[in-house]
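Structure file run27.txt (compact mmCIF, C-alpha atoms) is printed below.
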```txt
# COMPACT_ATOMS: atom_id res chain seq x y z
CA MET L 1 -11.05 -20.65 -19.95
CA GLY L 2 -8.04 -18.36 -20.04
CA ILE L 3 -7.23 -15.50 -22.38
CA ALA L 4 -5.02 -15.92 -25.46
CA THR L 5 -2.08 -13.51 -25.52
CA ALA L 6 0.46 -12.24 -28.01
CA GLN L 7 3.31 -10.01 -26.93
CA VAL L 8 4.85 -7.31 -29.09
CA CYS L 9 8.32 -7.05 -27.70
CA SER L 10 11.78 -6.01 -28.82
CA MET L 11 13.68 -7.96 -26.18
CA ARG L 12 12.65 -11.25 -27.66
CA GLN L 13 15.05 -13.33 -25.60
CA VAL L 14 13.62 -12.03 -22.35
CA ALA L 15 10.09 -12.80 -23.46
CA THR L 16 11.14 -16.30 -24.53
CA MET L 17 12.94 -16.92 -21.26
CA VAL L 18 9.91 -16.11 -19.14
CA GLY L 19 7.71 -18.33 -21.32
CA SER L 20 5.66 -15.82 -23.30
CA PRO L 21 3.66 -18.06 -25.66
CA ARG L 22 3.43 -15.82 -28.76
CA ILE L 23 6.07 -13.20 -29.45
CA VAL L 24 6.03 -10.63 -32.25
CA THR L 25 9.17 -8.55 -32.60
CA GLY L 26 8.53 -4.86 -32.03
CA LYS L 27 10.40 -2.07 -33.78
CA SER L 28 12.40 -0.91 -30.77
CA VAL L 29 12.43 -0.90 -26.97
CA LEU L 30 11.94 2.87 -27.29
CA HIS L 31 8.95 2.61 -29.65
CA PRO L 32 7.60 -0.92 -30.06
CA THR L 33 4.89 0.03 -32.56
CA GLY L 34 6.35 3.10 -34.21
CA ASP L 35 9.41 4.48 -35.96
CA PRO L 36 10.32 8.18 -35.72
CA ALA L 37 12.32 7.82 -38.96
CA LEU L 38 9.13 7.24 -40.97
CA ASP L 39 6.33 9.65 -41.86
CA LEU L 40 2.95 9.13 -40.18
CA ALA L 41 1.55 7.04 -43.05
CA GLY L 42 4.65 4.83 -42.95
CA GLU L 43 4.34 4.43 -39.20
CA ARG L 44 0.68 3.44 -39.45
CA ASP L 45 1.63 0.81 -42.02
CA LEU L 46 4.28 -0.49 -39.66
CA ARG L 47 1.78 -0.65 -36.81
CA ARG L 48 -0.72 -2.40 -39.02
CA ARG L 49 1.85 -5.04 -40.06
CA ILE L 50 2.90 -5.66 -36.45
CA LEU L 51 -0.74 -6.00 -35.38
CA GLN L 52 -1.51 -8.36 -38.27
CA ASP L 53 1.43 -10.51 -37.17
CA ALA L 54 0.10 -10.42 -33.60
CA LEU L 55 -3.40 -11.45 -34.77
CA LYS L 56 -1.90 -14.27 -36.83
CA ALA L 57 0.06 -15.37 -33.76
CA LEU L 58 -3.16 -15.30 -31.71
CA GLU L 59 -4.68 -17.81 -34.11
CA SER L 60 -1.73 -20.19 -33.61
CA ASP L 61 -1.34 -22.74 -30.82
CA GLY L 62 1.50 -20.81 -29.17
CA THR L 63 4.67 -22.33 -27.83
CA GLN L 64 6.32 -22.65 -24.51
CA ASP L 65 9.96 -23.06 -25.38
CA ALA L 66 12.28 -21.69 -22.74
CA ALA L 67 15.51 -20.29 -24.12
CA MET I 1 18.99 -20.19 35.11
CA GLU I 2 15.49 -19.48 33.89
CA SER I 3 14.30 -21.57 30.94
CA VAL I 4 13.95 -19.94 27.53
CA ARG I 5 10.31 -18.90 27.39
CA ILE I 6 8.46 -19.96 24.25
CA VAL I 7 4.94 -18.99 23.21
CA HIS I 8 3.40 -21.32 20.64
CA TYR I 9 0.63 -20.35 18.18
CA LEU I 10 -1.94 -22.82 16.86
CA ASN I 11 -5.17 -22.56 14.89
CA GLN I 12 -8.49 -23.82 16.29
CA PHE I 13 -7.92 -27.34 15.01
CA PHE I 14 -4.44 -27.97 16.42
CA GLY I 15 -5.34 -25.85 19.45
CA GLN I 16 -8.09 -28.37 20.19
CA LEU I 17 -11.02 -25.95 20.03
CA GLY I 18 -12.66 -27.91 17.20
CA GLY I 19 -12.70 -28.33 13.44
CA GLU I 20 -14.12 -26.06 10.74
CA GLU I 21 -17.13 -25.29 12.98
CA ALA I 22 -14.72 -23.58 15.40
CA ALA I 23 -12.92 -21.55 12.70
CA GLY I 24 -14.74 -18.46 13.94
CA ALA I 25 -13.14 -18.69 17.40
CA GLY I 26 -11.61 -15.45 18.64
CA PRO I 27 -8.01 -14.77 19.70
CA GLN I 28 -7.17 -16.37 23.03
CA ILE I 29 -4.22 -17.61 25.02
CA LYS I 30 -3.83 -20.52 27.46
CA PRO I 31 -0.96 -21.30 29.80
CA GLY I 32 1.29 -24.23 28.91
CA ALA I 33 1.66 -26.43 25.83
CA ILE I 34 -1.28 -27.90 23.91
CA GLY I 35 -1.38 -30.71 21.32
CA PRO I 36 1.64 -30.41 18.99
CA GLY I 37 3.11 -27.98 21.54
CA ARG I 38 3.77 -30.92 23.85
CA VAL I 39 5.80 -32.62 21.14
CA LEU I 40 7.54 -29.32 20.51
CA GLN I 41 8.36 -29.06 24.19
CA GLY I 42 9.91 -32.52 24.06
CA GLN I 43 11.96 -31.63 20.99
CA LEU I 44 13.18 -28.36 22.52
CA GLY I 45 14.30 -30.25 25.58
CA ASP I 46 15.66 -28.95 28.87
CA GLY I 47 16.26 -25.27 29.19
CA PHE I 48 13.12 -24.40 27.21
CA GLU I 49 9.56 -23.97 28.36
CA VAL I 50 6.44 -23.56 26.28
CA VAL I 51 4.83 -21.09 28.69
CA ALA I 52 1.64 -20.45 26.74
CA THR I 53 -0.32 -21.35 23.62
CA ALA I 54 -2.04 -18.63 21.62
CA ILE I 55 -4.99 -19.85 19.56
CA CYS I 56 -7.31 -18.31 17.00
CA GLY I 57 -9.85 -19.61 14.48
CA ASP I 58 -8.67 -19.59 10.85
CA ASN I 59 -11.66 -17.60 9.61
CA THR I 60 -11.44 -14.99 12.34
CA PHE I 61 -7.80 -14.44 11.43
CA ALA I 62 -8.42 -14.45 7.68
CA ASP I 63 -11.23 -11.90 7.98
CA ALA I 64 -9.08 -9.32 9.78
CA PRO I 65 -5.43 -10.41 9.60
CA GLU I 66 -3.76 -7.26 10.87
CA ALA I 67 -6.15 -6.51 13.71
CA THR I 68 -6.16 -10.15 14.84
CA ALA I 69 -2.36 -10.32 14.79
CA GLN I 70 -2.16 -7.14 16.85
CA GLU I 71 -4.66 -8.47 19.39
CA LEU I 72 -2.79 -11.77 19.71
CA ALA I 73 0.53 -9.94 20.01
CA GLY I 74 -0.92 -8.07 22.98
CA LEU I 75 -1.97 -11.34 24.66
CA ILE I 76 1.40 -12.90 23.89
CA ALA I 77 3.35 -9.96 25.35
CA GLU I 78 2.01 -10.75 28.83
CA PHE I 79 3.86 -14.07 28.77
CA ARG I 80 7.21 -12.36 27.98
CA PRO I 81 8.44 -14.91 25.42
CA ARG I 82 12.01 -15.00 24.09
CA ILE I 83 10.76 -16.67 20.89
CA LEU I 84 7.38 -17.16 19.21
CA ILE I 85 6.86 -20.41 17.33
CA ALA I 86 3.80 -20.56 15.07
CA GLY I 87 2.31 -23.68 13.51
CA PRO I 88 3.57 -25.46 11.47
CA ALA I 89 0.86 -24.68 8.92
CA PHE I 90 1.96 -27.23 6.27
CA ASN I 91 -0.04 -26.50 3.10
CA SER I 92 -3.00 -24.83 4.78
CA GLY I 93 -3.63 -21.42 3.19
CA ARG I 94 -5.51 -19.58 5.92
CA TYR I 95 -3.36 -21.07 8.69
CA GLY I 96 -0.17 -20.19 6.80
CA GLN I 97 -1.27 -16.62 6.39
CA SER I 98 -2.18 -16.42 10.08
CA CYS I 99 1.19 -17.81 11.17
CA GLY I 100 3.07 -15.41 8.88
CA GLU I 101 1.01 -12.39 9.90
CA LEU I 102 1.38 -13.15 13.61
CA CYS I 103 5.15 -13.78 13.39
CA ALA I 104 5.62 -10.49 11.55
CA ALA I 105 3.48 -8.59 14.08
CA VAL I 106 5.23 -10.08 17.11
CA GLN I 107 8.66 -9.32 15.66
CA GLU I 108 7.75 -5.79 14.70
CA ARG I 109 5.71 -4.85 17.73
CA LEU I 110 7.33 -6.83 20.55
CA GLY I 111 10.83 -7.21 19.12
CA VAL I 112 10.54 -10.94 19.78
CA PRO I 113 12.05 -13.20 17.11
CA ALA I 114 9.55 -15.58 15.54
CA LEU I 115 9.58 -18.74 13.53
CA THR I 116 6.99 -20.74 11.63
CA GLY I 117 6.83 -23.73 9.30
CA MET I 118 5.11 -24.26 5.93
CA TYR I 119 5.08 -26.44 2.83
CA ASP I 120 6.66 -24.79 -0.19
CA GLU I 121 3.35 -24.42 -2.06
CA ASN I 122 1.68 -22.59 0.81
CA PRO I 123 0.95 -19.04 -0.47
CA GLY I 124 2.14 -17.80 2.93
CA VAL I 125 5.71 -18.69 1.95
CA GLU I 126 5.87 -16.10 -0.83
CA GLN I 127 3.91 -13.64 1.24
CA PHE I 128 6.08 -13.75 4.35
CA ARG I 129 9.44 -15.37 3.70
CA SER I 130 11.22 -12.03 3.31
CA ARG I 131 10.09 -10.95 6.77
CA VAL I 132 9.71 -14.19 8.72
CA LEU I 133 11.88 -17.25 9.13
CA ILE I 134 9.88 -20.20 7.74
CA VAL I 135 11.03 -23.79 8.16
CA ARG I 136 10.43 -25.98 5.12
CA THR I 137 7.92 -28.71 6.09
CA GLY I 138 6.04 -31.51 4.36
CA PRO I 139 2.56 -30.92 2.90
CA SER I 140 0.42 -32.29 5.74
CA ALA I 141 0.24 -33.04 9.45
CA ARG I 142 1.54 -36.53 8.72
CA THR I 143 4.96 -34.87 8.72
CA MET I 144 4.34 -33.12 12.05
CA GLY I 145 7.09 -34.99 13.92
CA GLU I 146 9.81 -34.07 11.45
CA ALA I 147 8.55 -30.48 11.12
CA LEU I 148 8.61 -29.92 14.88
CA ARG I 149 12.06 -31.47 15.14
CA GLN I 150 13.35 -29.02 12.52
CA MET I 151 11.60 -26.04 14.07
CA ALA I 152 12.94 -26.91 17.51
CA ALA I 153 16.47 -27.13 16.08
CA VAL I 154 16.17 -23.66 14.53
CA ALA I 155 14.61 -22.27 17.73
CA ARG I 156 17.51 -23.59 19.79
CA ARG I 157 19.94 -21.79 17.47
CA MET I 158 17.91 -18.59 17.75
CA ALA I 159 17.91 -18.85 21.55
CA ALA I 160 21.71 -19.14 21.43
CA GLY I 161 21.85 -15.81 19.62
CA ASP I 162 22.29 -17.14 16.08
CA VAL I 163 20.54 -14.85 13.58
CA ILE I 164 20.30 -17.68 10.99
CA ASP I 165 21.74 -15.58 8.20
CA ARG I 166 21.83 -18.54 5.84
CA PRO I 167 18.23 -19.78 6.16
CA ALA I 168 18.47 -22.31 3.32
CA GLN I 169 21.24 -24.15 5.13
CA ALA I 170 19.09 -24.30 8.26
CA GLY I 171 16.21 -25.98 6.39
CA CYS I 172 14.29 -22.70 6.00
CA PHE I 173 13.03 -20.75 3.00
CA PRO I 174 15.58 -18.16 1.82
CA ARG I 175 14.62 -14.66 2.88
CA GLY I 176 15.94 -13.13 -0.32
CA MET I 177 18.53 -10.99 1.42
CA LYS I 178 22.10 -10.58 0.29
CA ARG I 179 25.15 -10.10 2.43
CA ALA I 180 28.63 -9.17 1.28
CA VAL I 181 31.26 -11.80 2.03
CA VAL I 182 34.96 -12.04 1.26
CA ARG I 183 35.90 -15.23 -0.56
CA GLU I 184 39.38 -16.69 -0.50
CA GLU I 185 39.41 -17.62 -4.16
CA ILE I 186 38.81 -15.46 -7.22
CA ALA I 187 35.61 -15.86 -9.23
CA ALA I 188 37.34 -17.61 -12.16
CA LYS I 189 38.67 -20.33 -9.88
CA ARG I 190 35.31 -20.77 -8.18
CA ALA I 191 33.52 -20.98 -11.53
CA ILE I 192 35.91 -23.66 -12.79
CA ASP I 193 35.60 -25.61 -9.53
CA MET I 194 31.84 -25.44 -9.91
CA LEU I 195 32.07 -26.72 -13.47
CA LEU I 196 34.39 -29.58 -12.50
CA HIS I 197 32.01 -30.61 -9.73
CA LYS I 198 29.09 -30.48 -12.16
CA VAL I 199 30.92 -32.54 -14.78
CA ALA I 200 31.94 -35.08 -12.16
CA GLY I 201 28.33 -35.37 -11.00
CA GLU I 202 29.22 -33.99 -7.56
CA PRO I 203 27.08 -31.54 -5.57
CA TRP I 204 27.58 -27.89 -6.49
CA ALA I 205 25.66 -24.69 -5.91
CA THR I 206 25.39 -21.56 -8.01
CA GLU I 207 26.35 -18.25 -6.43
CA VAL I 208 23.71 -16.46 -8.46
CA SER I 209 20.16 -17.51 -7.73
CA VAL I 210 17.84 -17.34 -10.69
CA PRO I 211 14.14 -16.76 -10.09
CA ALA I 212 11.94 -19.64 -11.17
CA PHE I 213 9.32 -18.58 -13.70
CA ASP I 214 5.95 -20.27 -13.83
CA ARG I 215 5.13 -22.05 -17.03
CA VAL I 216 1.64 -21.08 -18.11
CA ALA I 217 0.21 -23.28 -20.83
CA PRO I 218 -0.65 -21.22 -23.94
CA VAL I 219 -4.37 -20.59 -24.28
CA LYS I 220 -5.90 -21.20 -27.68
CA ILE I 221 -8.69 -18.89 -28.74
CA ASN I 222 -11.81 -20.92 -29.44
CA LEU I 223 -13.68 -18.64 -31.83
CA PRO I 224 -12.71 -16.70 -34.97
CA LEU I 225 -10.87 -13.47 -34.23
CA ALA I 226 -13.46 -11.74 -36.39
CA SER I 227 -15.97 -12.33 -33.61
CA ALA I 228 -13.62 -12.02 -30.64
CA THR I 229 -13.16 -9.15 -28.21
CA VAL I 230 -9.49 -8.17 -28.18
CA ALA I 231 -7.79 -5.96 -25.59
CA LEU I 232 -4.61 -3.89 -25.77
CA VAL I 233 -2.38 -4.01 -22.68
CA THR I 234 1.05 -2.50 -22.08
CA ASP I 235 3.86 -2.60 -19.54
CA GLY I 236 5.36 0.56 -21.03
CA GLY I 237 3.86 2.99 -18.51
CA LEU I 238 0.92 4.49 -20.41
CA VAL I 239 -1.13 6.75 -18.14
CA VAL I 240 -3.91 9.29 -18.49
CA LYS I 241 -2.32 12.73 -18.93
CA GLY I 242 -1.10 14.04 -15.59
CA ASN I 243 -1.04 10.51 -14.13
CA PRO I 244 -4.10 10.91 -11.88
CA ASP I 245 -3.69 7.37 -10.45
CA ARG I 246 -0.14 8.33 -9.46
CA MET I 247 1.31 5.21 -10.99
CA PRO I 248 5.00 4.89 -10.05
CA ASN I 249 7.37 4.91 -13.03
CA GLY I 250 9.28 1.90 -11.72
CA TYR I 251 9.07 -0.74 -8.96
CA CYS I 252 5.40 -0.40 -9.74
CA ASP I 253 2.72 -1.90 -7.53
CA ARG I 254 -0.42 -1.09 -9.49
CA ILE I 255 -2.17 -1.03 -12.81
CA THR I 256 -4.00 1.84 -14.41
CA ALA I 257 -7.02 1.81 -16.72
CA ILE I 258 -7.16 4.11 -19.75
CA PRO I 259 -10.62 4.45 -21.29
CA ILE I 260 -10.55 4.51 -25.11
CA ARG I 261 -14.22 4.49 -26.00
CA GLY I 262 -14.78 6.74 -28.99
CA LEU I 263 -11.06 7.31 -29.39
CA GLU I 264 -9.58 6.79 -32.88
CA ARG I 265 -5.99 7.31 -31.82
CA PHE I 266 -3.98 8.41 -28.83
CA THR I 267 -3.11 12.08 -28.68
CA THR I 268 -0.62 13.77 -26.40
CA ASP I 269 -3.28 15.88 -24.70
CA LEU I 270 -5.01 12.74 -23.37
CA VAL I 271 -2.27 10.29 -22.43
CA GLU I 272 1.44 10.11 -21.76
CA ALA I 273 4.12 7.54 -21.00
CA HIS I 274 5.41 7.46 -17.44
CA HIS I 275 8.24 4.95 -17.16
CA GLY I 276 11.72 5.25 -15.67
CA GLY I 277 13.27 2.34 -17.54
CA TYR I 278 13.53 3.66 -21.10
CA ASP I 279 13.78 7.01 -22.87
CA THR I 280 10.13 7.93 -23.35
CA GLN I 281 10.69 10.90 -25.70
CA PHE I 282 9.68 9.01 -28.87
CA VAL I 283 6.50 7.48 -27.50
CA ASN I 284 5.61 10.78 -25.87
CA GLN I 285 5.61 12.38 -29.33
CA ASP I 286 3.01 9.82 -30.45
CA LEU I 287 1.60 7.35 -27.94
CA ASN I 288 0.40 5.05 -30.74
CA ARG I 289 4.08 4.10 -30.92
CA LEU I 290 3.57 2.41 -27.53
CA VAL I 291 -0.01 1.15 -27.85
CA PRO I 292 -1.09 0.94 -31.52
CA LEU I 293 -4.61 2.28 -31.10
CA ASP I 294 -4.89 3.99 -34.52
CA ALA I 295 -4.00 0.85 -36.50
CA MET I 296 -6.11 -1.34 -34.22
CA ARG I 297 -9.21 0.81 -34.80
CA GLN I 298 -8.69 0.42 -38.51
CA LEU I 299 -8.43 -3.37 -38.21
CA GLU I 300 -11.56 -3.33 -36.04
CA ARG I 301 -13.46 -1.41 -38.74
CA GLU I 302 -12.28 -3.86 -41.38
CA GLY I 303 -13.59 -6.75 -39.28
CA ALA I 304 -10.20 -8.38 -38.55
CA VAL I 305 -11.35 -8.52 -34.93
CA GLY I 306 -14.88 -8.55 -33.58
CA ARG I 307 -14.43 -5.68 -31.20
CA LEU I 308 -11.66 -3.75 -29.51
CA TYR I 309 -12.09 -3.78 -25.73
CA GLU I 310 -12.69 -0.21 -24.60
CA THR I 311 -10.09 -0.03 -21.83
CA VAL I 312 -6.31 -0.26 -22.11
CA TYR I 313 -4.72 -1.64 -18.94
CA ALA I 314 -1.19 -0.51 -18.26
CA THR I 315 1.62 -0.76 -15.76
CA ALA I 316 5.29 0.22 -15.73
CA GLY I 317 7.51 -2.85 -15.94
CA LEU I 318 10.75 -1.70 -14.37
CA GLY I 319 12.47 -3.51 -11.51
CA MET I 320 9.17 -5.21 -10.82
CA SER I 321 9.32 -8.21 -8.50
CA LEU I 322 7.99 -11.47 -9.84
CA THR I 323 5.47 -11.49 -7.00
CA ASN I 324 4.13 -8.07 -8.00
CA ALA I 325 4.14 -8.94 -11.69
CA LYS I 326 2.06 -12.04 -11.01
CA LYS I 327 -0.35 -10.11 -8.83
CA LEU I 328 -0.85 -7.33 -11.37
CA GLY I 329 -1.12 -9.80 -14.24
CA ARG I 330 -3.79 -11.72 -12.38
CA GLU I 331 -5.67 -8.51 -11.64
CA ILE I 332 -5.68 -7.49 -15.31
CA GLY I 333 -6.62 -11.04 -16.35
CA GLN I 334 -9.55 -11.14 -13.94
CA ARG I 335 -10.95 -7.84 -15.15
CA LEU I 336 -10.60 -8.84 -18.79
CA ARG I 337 -12.20 -12.21 -18.23
CA GLN I 338 -15.07 -10.65 -16.33
CA ASP I 339 -15.72 -8.43 -19.33
CA GLY I 340 -15.58 -11.30 -21.81
CA VAL I 341 -12.24 -10.51 -23.48
CA GLN I 342 -10.87 -13.50 -25.42
CA ALA I 343 -7.50 -12.23 -26.58
CA VAL I 344 -4.83 -9.71 -25.60
CA ILE I 345 -2.09 -7.96 -27.51
CA LEU I 346 0.53 -6.83 -25.01
CA THR I 347 3.07 -4.27 -26.07
CA SER I 348 6.32 -4.25 -24.11
CA THR I 349 9.17 -1.77 -24.02
```
Written as structure tokens, that's how I'd like the structure from this file.
Amino acid sequence: MGIATAQVCSMRQVATMVGSPRIVTGKSVLHPTGDPALDLAGERDLRRRILQDALKALESDGTQDAA
Amino acid sequence: MESVRIVHYLNQFFGQLGGEEAAGAGPQIKPGAIGPGRVLQGQLGDGFEVVATAICGDNTFADAPEATAQELAGLIAEFRPRILIAGPAFNSGRYGQSCGELCAAVQERLGVPALTGMYDENPGVEQFRSRVLIVRTGPSARTMGEALRQMAAVARRMAAGDVIDRPAQAGCFPRGMKRAVVREEIAAKRAIDMLLHKVAGEPWATEVSVPAFDRVAPVKINLPLASATVALVTDGGLVVKGNPDRMPNGYCDRITAIPIRGLERFTTDLVEAHHGGYDTQFVNQDLNRLVPLDAMRQLEREGAVGRLYETVYATAGLGMSLTNAKKLGREIGQRLRQDGVQAVILTST
């Protein structure tokens, strides 16, 4: 039995090309789960939303579509 | 004129010491050709002589590859070969590794060019093709005749001083090396020619080789996330403050483990980002921007996941070879599986 994975990633095309099965778009290559333009509370909300998307993705079948 | 002296390497089976029960046989060398070496001799023809056959059991070699290769290289040196030919190993894992290891050792230590043969799924191909010339063979000894014919052809070219700088055209695995060449025609013309050939259904070859990525079937989690153990992993270069594992910030060859037991969030006194491929200033102000520990702890408390795994595995994904990436990925996967982790959230920069 393998391990289910979800990838938080800003370079979505790269992740798709290499066959990553569940991709959640991160905020930026420089800060995938943060945003220096927000205050700390705002950033935590952002992180929470990204993680919730990742957890939702983990419950899905996942895909294997090469770009 | 003296014949071109060849030393041939075989495992215990092809070297006629015995089957699996003889896999513990030690390194040895015998004068003349043995078994497939006789066919090889025939294929090489006049002007070549298989002067000796080096033999070793697969298990002996696998247990101590470097030491065994060095010992065999010493035995082989006494026969003063111009070329070492090892195998072919077909799809045999231990034998392939032995052939590759020995060829590399003989080239490096004796300065004698070497050649082996393997099937393309033999792990030895990926392990050694950058250092050793490997002829592409069929999967099993049923293709011995053809494999030896090919290997003899390449050996004859090597004996004539050809460095085989286009291995793929010689029926070998590419060594992954690039060489500058001057082409008569400009790139635009070559690209259009390539396209016309493709459209016409004629043979054409790309000038840019693209690595082939494995397709790994997506794994479906088989229990509710609320009772699953979930791990956070990153390729963004997270390290313990001061980088005690000395993880390189690019072309990385290792993983690092960051313990997070009892930690509510990452703070800059405990961890930092060490990565040469992106500007780390923003994540180094707040490492939760790279690995979202604070928000994950909250979700853990709320019961969205059963448990957060108490180690974050990290590496720095910059200029990493596919071979290294696979190796490190497997290492992380094995550790997580051993500890009963069912799901991973990977954050990538």
**Study point:** Within 9 Å of file point (-5.6, -10.2, -36.8), counting only C-alpha atoms, expressed as a PyMOL selection string
**Key:** (chain L and resi 51-59) or (chain I and resi 225-226+299+304-305)
The selected residues should be written to file as a PDB file, keeping the file's coordinate frame (atoms: C-alpha atoms).
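Here's the written file out.pdb:
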```pdb
ATOM      1  CA  LEU L  51      -0.740  -6.000 -35.380  1.00  0.00           C
ATOM      2  CA  GLN L  52      -1.510  -8.360 -38.270  1.00  0.00           C
ATOM      3  CA  ASP L  53       1.430 -10.510 -37.170  1.00  0.00           C
ATOM      4  CA  ALA L  54       0.100 -10.420 -33.600  1.00  0.00           C
ATOM      5  CA  LEU L  55      -3.400 -11.450 -34.770  1.00  0.00           C
ATOM      6  CA  LYS L  56      -1.900 -14.270 -36.830  1.00  0.00           C
ATOM      7  CA  ALA L  57       0.060 -15.370 -33.760  1.00  0.00           C
ATOM      8  CA  LEU L  58      -3.160 -15.300 -31.710  1.00  0.00           C
ATOM      9  CA  GLU L  59      -4.680 -17.810 -34.110  1.00  0.00           C
TER      10      GLU L  59
ATOM     11  CA  LEU I 225     -10.870 -13.470 -34.230  1.00  0.00           C
ATOM     12  CA  ALA I 226     -13.460 -11.740 -36.390  1.00  0.00           C
ATOM     13  CA  LEU I 299      -8.430  -3.370 -38.210  1.00  0.00           C
ATOM     14  CA  ALA I 304     -10.200  -8.380 -38.550  1.00  0.00           C
ATOM     15  CA  VAL I 305     -11.350  -8.520 -34.930  1.00  0.00           C
TER      16      VAL I 305
END
```
Review point. Near stretch 203-215 of chain I, within 10 Å and counting all atoms listed in the file, which residues show up once chain neighbours fewer than 4 positions away are dropped, as a VMD selection string?
Key: (chain L and resid 17 to 21 64 to 66) or (chain I and resid 176 187 190 to 191 193 to 198 321 to 322 326)
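Atom pair atom CA of I:Pro259 / atom CA of I:Val239: separated by 10.3 Å.
Close contacts of L:Ile23, defined as residues with an atom at most 7 Å away when counting all atoms listed in the file, with chain neighbours fewer than 6 positions off set aside, comprise L:Ala6, L:Gln7, L:Val8, L:Cys9.
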Exercise for review: Give as a ChimeraX atom specification every residue of chain I that touches chain L within 8 Å, counting all atoms listed in the file.
Suggested key: /I:213-221,225,278-280,282-283,288-292,294-296,299,333,337,341-349
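For the pair atom CA of I:Thr229 and atom CA of I:Thr315, the separation is 21.1 Å.
The coordinates place atom CA of I:Ala54 at 20.7 Å from atom CA of I:Arg131.
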Practice item. Fewer than 4 positions away in the same chain doesn't count, so skip those; otherwise give me all residues within 7 Å of I:Leu115, counting all atoms listed in the file, as a PyMOL selection string. Key: chain I and resi 84-86+103+132-134
Nearby residues (only C-alpha atoms) at most 7 Å from I:Pro81, same-chain spacing under 6 positions excluded, as a PDB file with C-alpha atoms, in the frame of the given file:
```
ATOM      1  CA  ARG I   5      10.310 -18.900  27.390  1.00  0.00           C
ATOM      2  CA  ILE I   6       8.460 -19.960  24.250  1.00  0.00           C
ATOM      3  CA  VAL I   7       4.940 -18.990  23.210  1.00  0.00           C
TER       4      VAL I   7
END
```
Listed atoms of stretch 4-11 of chain L boxed axis-aligned with 5 Å per side, centre + edges as lines of an AutoDock Vina configuration file:
```
center_x = 4.3
center_y = -11.0
center_z = -27.3
size_x = 28.7
size_y = 19.9
size_z = 13.6
```
Practice item. Skip I:Pro248 itself and residues of its chain fewer than 6 positions away, then list as a ChimeraX atom specification all residues within 9 Å of it, counting all atoms listed in the file. Key: /I:237,254,274-276,315-316
Exercise for review: Starting from the point (-5.2, -24.4, 6.6), work out which residues of protein, DNA or RNA have an atom no more than 12 Å away when counting all atoms listed in the file; state them as JSON, numbers by chain.
Suggested key: {"I": [10, 11, 12, 13, 14, 19, 20, 23, 57, 58, 59, 61, 62, 87, 88, 89, 90, 91, 92, 93, 94, 95, 96, 97, 98, 99, 118, 119, 122, 123, 124, 139, 140, 141]}
